[in-house]
$ cat model15.txt   # compact mmCIF, N, CA, C and O atoms
# COMPACT_ATOMS: atom_id res chain seq x y z
N MET A 158 19.86 12.89 -1.55
CA MET A 158 18.42 12.79 -1.65
C MET A 158 17.81 14.14 -1.25
O MET A 158 18.18 14.73 -0.24
N LYS A 159 16.87 14.58 -2.06
CA LYS A 159 16.23 15.86 -1.80
C LYS A 159 15.33 15.75 -0.57
O LYS A 159 14.84 14.68 -0.23
N ASP A 160 15.16 16.89 0.09
CA ASP A 160 14.40 16.92 1.34
C ASP A 160 12.97 16.42 1.18
O ASP A 160 12.47 15.67 2.02
N TYR A 161 12.30 16.83 0.10
CA TYR A 161 10.90 16.43 -0.06
C TYR A 161 10.77 14.93 -0.28
O TYR A 161 9.79 14.32 0.15
N ILE A 162 11.77 14.32 -0.92
CA ILE A 162 11.75 12.87 -1.11
C ILE A 162 11.96 12.17 0.23
O ILE A 162 11.26 11.22 0.57
N PHE A 163 12.93 12.67 0.99
CA PHE A 163 13.19 12.10 2.32
C PHE A 163 11.94 12.16 3.18
O PHE A 163 11.56 11.17 3.83
N GLU A 164 11.27 13.32 3.19
CA GLU A 164 10.06 13.48 4.00
C GLU A 164 8.95 12.55 3.53
O GLU A 164 8.22 11.98 4.34
N ARG A 165 8.80 12.39 2.20
CA ARG A 165 7.77 11.51 1.67
C ARG A 165 8.04 10.06 2.04
O ARG A 165 7.13 9.32 2.43
N VAL A 166 9.30 9.64 1.95
CA VAL A 166 9.66 8.27 2.29
C VAL A 166 9.33 7.99 3.75
O VAL A 166 8.70 6.97 4.08
N MET A 167 9.71 8.88 4.63
CA MET A 167 9.46 8.67 6.05
C MET A 167 7.96 8.72 6.37
O MET A 167 7.46 7.91 7.15
N ALA A 168 7.25 9.66 5.75
CA ALA A 168 5.81 9.76 6.00
C ALA A 168 5.09 8.52 5.49
O ALA A 168 4.19 7.99 6.16
N CYS A 169 5.48 8.05 4.34
CA CYS A 169 4.85 6.86 3.76
C CYS A 169 5.13 5.63 4.63
O CYS A 169 4.23 4.82 4.88
N ALA A 170 6.35 5.50 5.11
CA ALA A 170 6.70 4.38 5.98
C ALA A 170 5.91 4.43 7.28
O ALA A 170 5.37 3.41 7.74
N GLU A 171 5.81 5.61 7.88
CA GLU A 171 5.05 5.75 9.13
C GLU A 171 3.58 5.41 8.89
O GLU A 171 2.96 4.71 9.70
N HIS A 172 3.03 5.88 7.79
CA HIS A 172 1.63 5.61 7.49
C HIS A 172 1.39 4.11 7.32
O HIS A 172 0.42 3.57 7.83
N MET A 173 2.28 3.46 6.60
CA MET A 173 2.11 2.03 6.36
C MET A 173 2.25 1.26 7.67
O MET A 173 1.50 0.30 7.90
N LEU A 174 3.14 1.66 8.54
CA LEU A 174 3.30 0.96 9.81
C LEU A 174 2.10 1.17 10.73
O LEU A 174 1.69 0.25 11.44
N LYS A 175 1.52 2.37 10.70
CA LYS A 175 0.37 2.66 11.56
C LYS A 175 -0.89 1.96 11.07
O LYS A 175 -1.66 1.44 11.87
N THR A 176 -1.11 1.98 9.75
CA THR A 176 -2.38 1.50 9.22
C THR A 176 -2.30 0.11 8.62
O THR A 176 -3.33 -0.55 8.47
N GLY A 177 -1.11 -0.34 8.22
CA GLY A 177 -0.98 -1.63 7.55
C GLY A 177 -1.56 -1.61 6.15
O GLY A 177 -1.92 -2.65 5.61
N CYS A 178 -1.66 -0.42 5.57
CA CYS A 178 -2.29 -0.28 4.26
C CYS A 178 -1.43 -0.92 3.16
O CYS A 178 -0.28 -1.27 3.37
N THR A 179 -2.03 -1.03 2.00
CA THR A 179 -1.33 -1.58 0.84
C THR A 179 -0.54 -0.49 0.15
O THR A 179 -0.68 0.70 0.47
N VAL A 180 0.28 -0.88 -0.81
CA VAL A 180 1.05 0.09 -1.60
C VAL A 180 0.07 1.01 -2.33
O VAL A 180 0.27 2.22 -2.39
N ARG A 181 -0.98 0.43 -2.87
CA ARG A 181 -1.99 1.23 -3.59
C ARG A 181 -2.67 2.23 -2.65
O ARG A 181 -2.87 3.39 -3.00
N GLY A 182 -3.00 1.80 -1.45
CA GLY A 182 -3.62 2.70 -0.48
C GLY A 182 -2.69 3.83 -0.08
O GLY A 182 -3.11 4.99 0.04
N CYS A 183 -1.43 3.50 0.11
CA CYS A 183 -0.44 4.52 0.46
C CYS A 183 -0.26 5.50 -0.70
O CYS A 183 -0.13 6.70 -0.48
N ALA A 184 -0.26 5.00 -1.91
CA ALA A 184 -0.12 5.86 -3.09
C ALA A 184 -1.28 6.83 -3.18
O ALA A 184 -1.09 8.01 -3.52
N ASN A 185 -2.48 6.38 -2.88
CA ASN A 185 -3.65 7.26 -2.91
C ASN A 185 -3.56 8.34 -1.85
O ASN A 185 -3.90 9.50 -2.12
N VAL A 186 -3.10 8.00 -0.67
CA VAL A 186 -3.01 8.97 0.42
C VAL A 186 -1.99 10.06 0.09
O VAL A 186 -2.23 11.24 0.33
N PHE A 187 -0.86 9.68 -0.49
CA PHE A 187 0.21 10.64 -0.75
C PHE A 187 0.21 11.18 -2.18
O PHE A 187 1.10 11.92 -2.56
N ALA A 188 -0.79 10.80 -2.96
CA ALA A 188 -0.97 11.29 -4.33
C ALA A 188 0.26 11.08 -5.20
O ALA A 188 0.72 11.98 -5.91
N VAL A 189 0.82 9.88 -5.12
CA VAL A 189 1.93 9.48 -5.98
C VAL A 189 1.58 8.12 -6.58
O VAL A 189 0.59 7.50 -6.21
N SER A 190 2.41 7.64 -7.50
CA SER A 190 2.14 6.36 -8.14
C SER A 190 2.54 5.21 -7.23
O SER A 190 3.32 5.37 -6.29
N LYS A 191 2.00 4.03 -7.56
CA LYS A 191 2.36 2.82 -6.81
C LYS A 191 3.85 2.54 -6.97
O LYS A 191 4.50 2.08 -6.03
N THR A 192 4.39 2.81 -8.15
CA THR A 192 5.81 2.60 -8.40
C THR A 192 6.66 3.48 -7.50
O THR A 192 7.68 3.04 -6.96
N THR A 193 6.24 4.72 -7.32
CA THR A 193 6.98 5.64 -6.44
C THR A 193 6.97 5.13 -5.00
O THR A 193 8.01 5.12 -4.33
N VAL A 194 5.81 4.70 -4.54
CA VAL A 194 5.72 4.18 -3.17
C VAL A 194 6.59 2.95 -3.02
O VAL A 194 7.33 2.80 -2.04
N HIS A 195 6.52 2.06 -4.01
CA HIS A 195 7.32 0.84 -3.95
C HIS A 195 8.82 1.18 -3.91
O HIS A 195 9.56 0.62 -3.10
N ASN A 196 9.26 2.10 -4.75
CA ASN A 196 10.66 2.50 -4.75
C ASN A 196 11.04 3.17 -3.43
O ASN A 196 12.14 2.96 -2.91
N ASP A 197 10.14 4.01 -2.92
CA ASP A 197 10.42 4.66 -1.64
C ASP A 197 10.63 3.64 -0.53
O ASP A 197 11.57 3.76 0.27
N LEU A 198 9.78 2.62 -0.49
CA LEU A 198 9.83 1.68 0.63
C LEU A 198 10.85 0.57 0.44
O LEU A 198 11.38 0.05 1.42
N ARG A 199 11.11 0.17 -0.78
CA ARG A 199 12.03 -0.94 -1.03
C ARG A 199 13.46 -0.50 -1.32
O ARG A 199 14.40 -1.25 -1.04
N VAL A 200 13.64 0.69 -1.89
CA VAL A 200 14.99 1.13 -2.28
C VAL A 200 15.50 2.24 -1.38
O VAL A 200 16.61 2.15 -0.83
N ARG A 201 14.70 3.28 -1.20
CA ARG A 201 15.18 4.45 -0.46
C ARG A 201 15.16 4.28 1.05
O ARG A 201 16.09 4.70 1.75
N LEU A 202 14.10 3.67 1.59
CA LEU A 202 13.98 3.53 3.04
C LEU A 202 15.13 2.74 3.67
O LEU A 202 15.63 3.14 4.71
N PRO A 203 15.58 1.63 3.07
CA PRO A 203 16.72 0.92 3.68
C PRO A 203 17.99 1.76 3.77
O PRO A 203 18.80 1.55 4.67
N LEU A 204 18.15 2.72 2.88
CA LEU A 204 19.30 3.61 2.94
C LEU A 204 19.18 4.61 4.08
O LEU A 204 20.19 5.10 4.60
N ILE A 205 17.95 4.91 4.47
CA ILE A 205 17.70 5.91 5.51
C ILE A 205 17.63 5.26 6.89
O ILE A 205 18.29 5.71 7.83
N ASP A 206 16.80 4.22 7.02
CA ASP A 206 16.56 3.60 8.33
C ASP A 206 16.30 2.11 8.12
O ASP A 206 15.21 1.71 7.73
N SER A 207 17.30 1.30 8.39
CA SER A 207 17.18 -0.13 8.12
C SER A 207 16.17 -0.83 9.04
O SER A 207 15.50 -1.78 8.63
N ASN A 208 16.06 -0.37 10.28
CA ASN A 208 15.08 -0.97 11.20
C ASN A 208 13.65 -0.73 10.74
O ASN A 208 12.82 -1.64 10.76
N LYS A 209 13.37 0.49 10.35
CA LYS A 209 12.02 0.82 9.86
C LYS A 209 11.76 0.09 8.55
O LYS A 209 10.65 -0.36 8.30
N ALA A 210 12.79 -0.06 7.72
CA ALA A 210 12.64 -0.77 6.45
C ALA A 210 12.27 -2.23 6.69
O ALA A 210 11.45 -2.80 5.97
N ALA A 211 12.86 -2.83 7.71
CA ALA A 211 12.52 -4.23 8.03
C ALA A 211 11.08 -4.35 8.50
O ALA A 211 10.37 -5.29 8.14
N ALA A 212 10.62 -3.38 9.29
CA ALA A 212 9.24 -3.40 9.76
C ALA A 212 8.26 -3.22 8.60
O ALA A 212 7.23 -3.90 8.52
N VAL A 213 8.58 -2.31 7.69
CA VAL A 213 7.73 -2.09 6.52
C VAL A 213 7.74 -3.33 5.63
O VAL A 213 6.70 -3.71 5.08
N ALA A 214 8.88 -3.99 5.51
CA ALA A 214 8.96 -5.20 4.69
C ALA A 214 8.02 -6.28 5.24
O ALA A 214 7.42 -7.03 4.46
N ARG A 215 7.88 -6.36 6.55
CA ARG A 215 6.96 -7.33 7.14
C ARG A 215 5.51 -7.00 6.78
O ARG A 215 4.72 -7.89 6.46
N VAL A 216 5.16 -5.72 6.81
CA VAL A 216 3.81 -5.31 6.43
C VAL A 216 3.56 -5.63 4.96
O VAL A 216 2.51 -6.16 4.59
N LEU A 217 4.54 -5.34 4.10
CA LEU A 217 4.40 -5.63 2.68
C LEU A 217 4.26 -7.13 2.43
O LEU A 217 3.48 -7.56 1.57
N LYS A 218 4.97 -7.92 3.22
CA LYS A 218 4.88 -9.38 3.07
C LYS A 218 3.48 -9.88 3.44
O LYS A 218 2.90 -10.70 2.73
N VAL A 219 2.93 -9.36 4.52
CA VAL A 219 1.58 -9.75 4.93
C VAL A 219 0.58 -9.35 3.85
O VAL A 219 -0.30 -10.13 3.48
N ASN A 220 0.73 -8.13 3.32
CA ASN A 220 -0.18 -7.67 2.26
C ASN A 220 -0.07 -8.56 1.03
O ASN A 220 -1.07 -8.86 0.38
N ARG A 221 1.13 -8.98 0.69
CA ARG A 221 1.33 -9.84 -0.47
C ARG A 221 0.69 -11.21 -0.25
O ARG A 221 0.06 -11.78 -1.14
N ILE A 222 0.78 -11.73 0.96
CA ILE A 222 0.19 -13.02 1.28
C ILE A 222 -1.34 -12.94 1.24
O ILE A 222 -2.01 -13.87 0.78
N GLU A 223 -1.91 -11.83 1.68
CA GLU A 223 -3.36 -11.70 1.79
C GLU A 223 -4.03 -11.13 0.55
O GLU A 223 -5.25 -11.05 0.49
N ARG A 224 -3.29 -10.76 -0.47
CA ARG A 224 -3.90 -10.04 -1.60
C ARG A 224 -4.94 -10.86 -2.34
O ARG A 224 -5.92 -10.32 -2.82
N HIS A 225 -4.76 -12.16 -2.43
CA HIS A 225 -5.76 -12.97 -3.13
C HIS A 225 -7.08 -13.02 -2.37
O HIS A 225 -8.15 -13.12 -2.95
N ILE A 226 -7.00 -12.92 -1.06
CA ILE A 226 -8.21 -12.91 -0.23
C ILE A 226 -8.97 -11.60 -0.43
O ILE A 226 -10.18 -11.60 -0.65
N ARG A 227 -8.24 -10.48 -0.39
CA ARG A 227 -8.89 -9.18 -0.60
C ARG A 227 -9.48 -9.09 -2.00
O ARG A 227 -10.56 -8.51 -2.19
N GLY A 228 -8.79 -9.63 -2.98
CA GLY A 228 -9.31 -9.62 -4.35
C GLY A 228 -10.59 -10.40 -4.47
O GLY A 228 -11.55 -9.99 -5.12
N GLY A 229 -10.65 -11.55 -3.82
CA GLY A 229 -11.86 -12.37 -3.84
C GLY A 229 -13.02 -11.68 -3.15
O GLY A 229 -14.17 -11.74 -3.61
N GLU A 230 -12.75 -11.01 -2.04
CA GLU A 230 -13.80 -10.29 -1.33
C GLU A 230 -14.32 -9.13 -2.17
O GLU A 230 -15.52 -8.86 -2.19
N ALA A 231 -13.44 -8.45 -2.87
CA ALA A 231 -13.85 -7.33 -3.73
C ALA A 231 -14.73 -7.82 -4.87
O ALA A 231 -15.74 -7.20 -5.21
N THR A 232 -14.37 -8.95 -5.46
CA THR A 232 -15.17 -9.51 -6.55
C THR A 232 -16.53 -9.94 -6.04
O THR A 232 -17.56 -9.70 -6.68
N LYS A 233 -16.57 -10.56 -4.88
CA LYS A 233 -17.84 -10.99 -4.28
C LYS A 233 -18.74 -9.78 -4.02
O LYS A 233 -19.95 -9.82 -4.33
N ALA A 234 -18.18 -8.72 -3.48
CA ALA A 234 -18.96 -7.50 -3.21
C ALA A 234 -19.46 -6.88 -4.50
O ALA A 234 -20.59 -6.38 -4.57
N LYS A 235 -18.64 -6.92 -5.54
CA LYS A 235 -19.04 -6.36 -6.83
C LYS A 235 -20.27 -7.07 -7.37
O LYS A 235 -21.24 -6.44 -7.80
N TYR A 236 -20.24 -8.39 -7.38
CA TYR A 236 -21.37 -9.15 -7.91
C TYR A 236 -22.60 -9.04 -7.02
O TYR A 236 -23.72 -9.07 -7.51
N LYS A 237 -22.40 -8.86 -5.74
CA LYS A 237 -23.53 -8.64 -4.84
C LYS A 237 -24.21 -7.32 -5.16
O LYS A 237 -25.45 -7.23 -5.19
N ARG A 238 -23.40 -6.27 -5.41
CA ARG A 238 -23.96 -4.98 -5.80
C ARG A 238 -24.72 -5.08 -7.12
O ARG A 238 -25.78 -4.49 -7.29
N LEU A 239 -24.17 -5.83 -8.07
CA LEU A 239 -24.84 -6.01 -9.37
C LEU A 239 -26.18 -6.70 -9.21
O LEU A 239 -27.17 -6.33 -9.85
N GLU A 240 -26.23 -7.72 -8.35
CA GLU A 240 -27.48 -8.42 -8.10
C GLU A 240 -28.52 -7.50 -7.49
O GLU A 240 -29.70 -7.55 -7.84
N GLN A 241 -28.09 -6.64 -6.57
CA GLN A 241 -29.00 -5.73 -5.91
C GLN A 241 -29.56 -4.70 -6.90
O GLN A 241 -30.73 -4.35 -6.82
N THR A 242 -28.73 -4.22 -7.80
CA THR A 242 -29.22 -3.25 -8.79
C THR A 242 -30.17 -3.90 -9.79
O THR A 242 -31.13 -3.28 -10.21
N LYS A 243 -29.91 -5.16 -10.14
CA LYS A 243 -30.82 -5.87 -11.04
C LYS A 243 -32.16 -6.13 -10.36
O LYS A 243 -33.20 -6.04 -10.98
N ALA A 244 -32.13 -6.45 -9.08
CA ALA A 244 -33.36 -6.71 -8.33
C ALA A 244 -34.18 -5.43 -8.17
O ALA A 244 -35.41 -5.47 -8.13
N ALA A 245 -33.50 -4.28 -8.09
CA ALA A 245 -34.18 -3.01 -7.91
C ALA A 245 -34.83 -2.55 -9.22
O ALA A 245 -35.78 -1.76 -9.19
N ASP A 246 -34.36 -3.05 -10.35
CA ASP A 246 -34.91 -2.63 -11.65
C ASP A 246 -36.18 -3.25 -11.94
O ASP A 246 -37.04 -3.76 -11.83
$ encode --input "model15.txt" --output "structure tokens"
Amino acid sequence: MKDYIFERVMACAEHMLKTGCTVRGCANVFAVSKTTVHNDLRVRLPLIDSNKAAAVARVLKVNRIERHIRGGEATKAKYKRLEQTKAAD
């Protein structure tokens, strides 16, 4: 594994453990695709550090369980913004 990949995997794992962010959020921070982040955390990280991989897997599981809630909140906020812009017109 190349050094820059190793460093990205470890940095991404540390970021996710500190912030509890989603794969998409991590991808935005490190300017890579969601697929790259997913491969880094699910495939490469267990080869490097199995304990950290287990901790990251728990964060990913929580995010997967909560994703429908976040999606609903985002949709609600979207329609609230639309109502406010219509009222302002």
$ axis_aligned_box --input "model15.txt" --around "segment 165-184 of chain A" --padding-each-side "4 Å" --output "lines of an AutoDock Vina configuration file"
center_x = 3.0
center_y = 4.9
center_z = 4.1
size_x = 21.3
size_y = 23.0
size_z = 23.5
$ atom_distance --input "model15.txt" --atom1 "atom O of Glu240 of chain A" --atom2 "atom C of Arg224 of chain A"
25.6 Å
$ residues_around --input "model15.txt" --residues "segment 168-179 of chain A" --least-positions-apart "4" --cutoff "7 Å" --atoms "all atoms listed in the file" --output "list of chain:residue names"
A:Ile162, A:Phe163, A:Glu164, A:Cys183, A:Ala184, A:Asn185, A:Leu198, A:Lys209, A:Ala212, A:Val213, A:Val216, A:Leu217, A:Asn220
$ atom_distance --input "model15.txt" --atom1 "atom C of Met158 of chain A" --atom2 "atom O of Gly182 of chain A"
22.9 Å
$ atom_distance --input "model15.txt" --atom1 "atom CA of Val194 of chain A" --atom2 "atom CA of Arg165 of chain A"
9.0 Å
$ closest_residue --input "model15.txt" --among "A:Arg201, A:Gln241, A:Val180, A:Asn196" --to "Val219 of chain A" --atoms "only C-alpha atoms"
A:Val180
$ closest_residue --input "model15.txt" --among "A:Ile226, A:Thr193, A:Ile205, A:Arg199" --to "Arg181 of chain A" --atoms "only C-alpha atoms"
A:Thr193
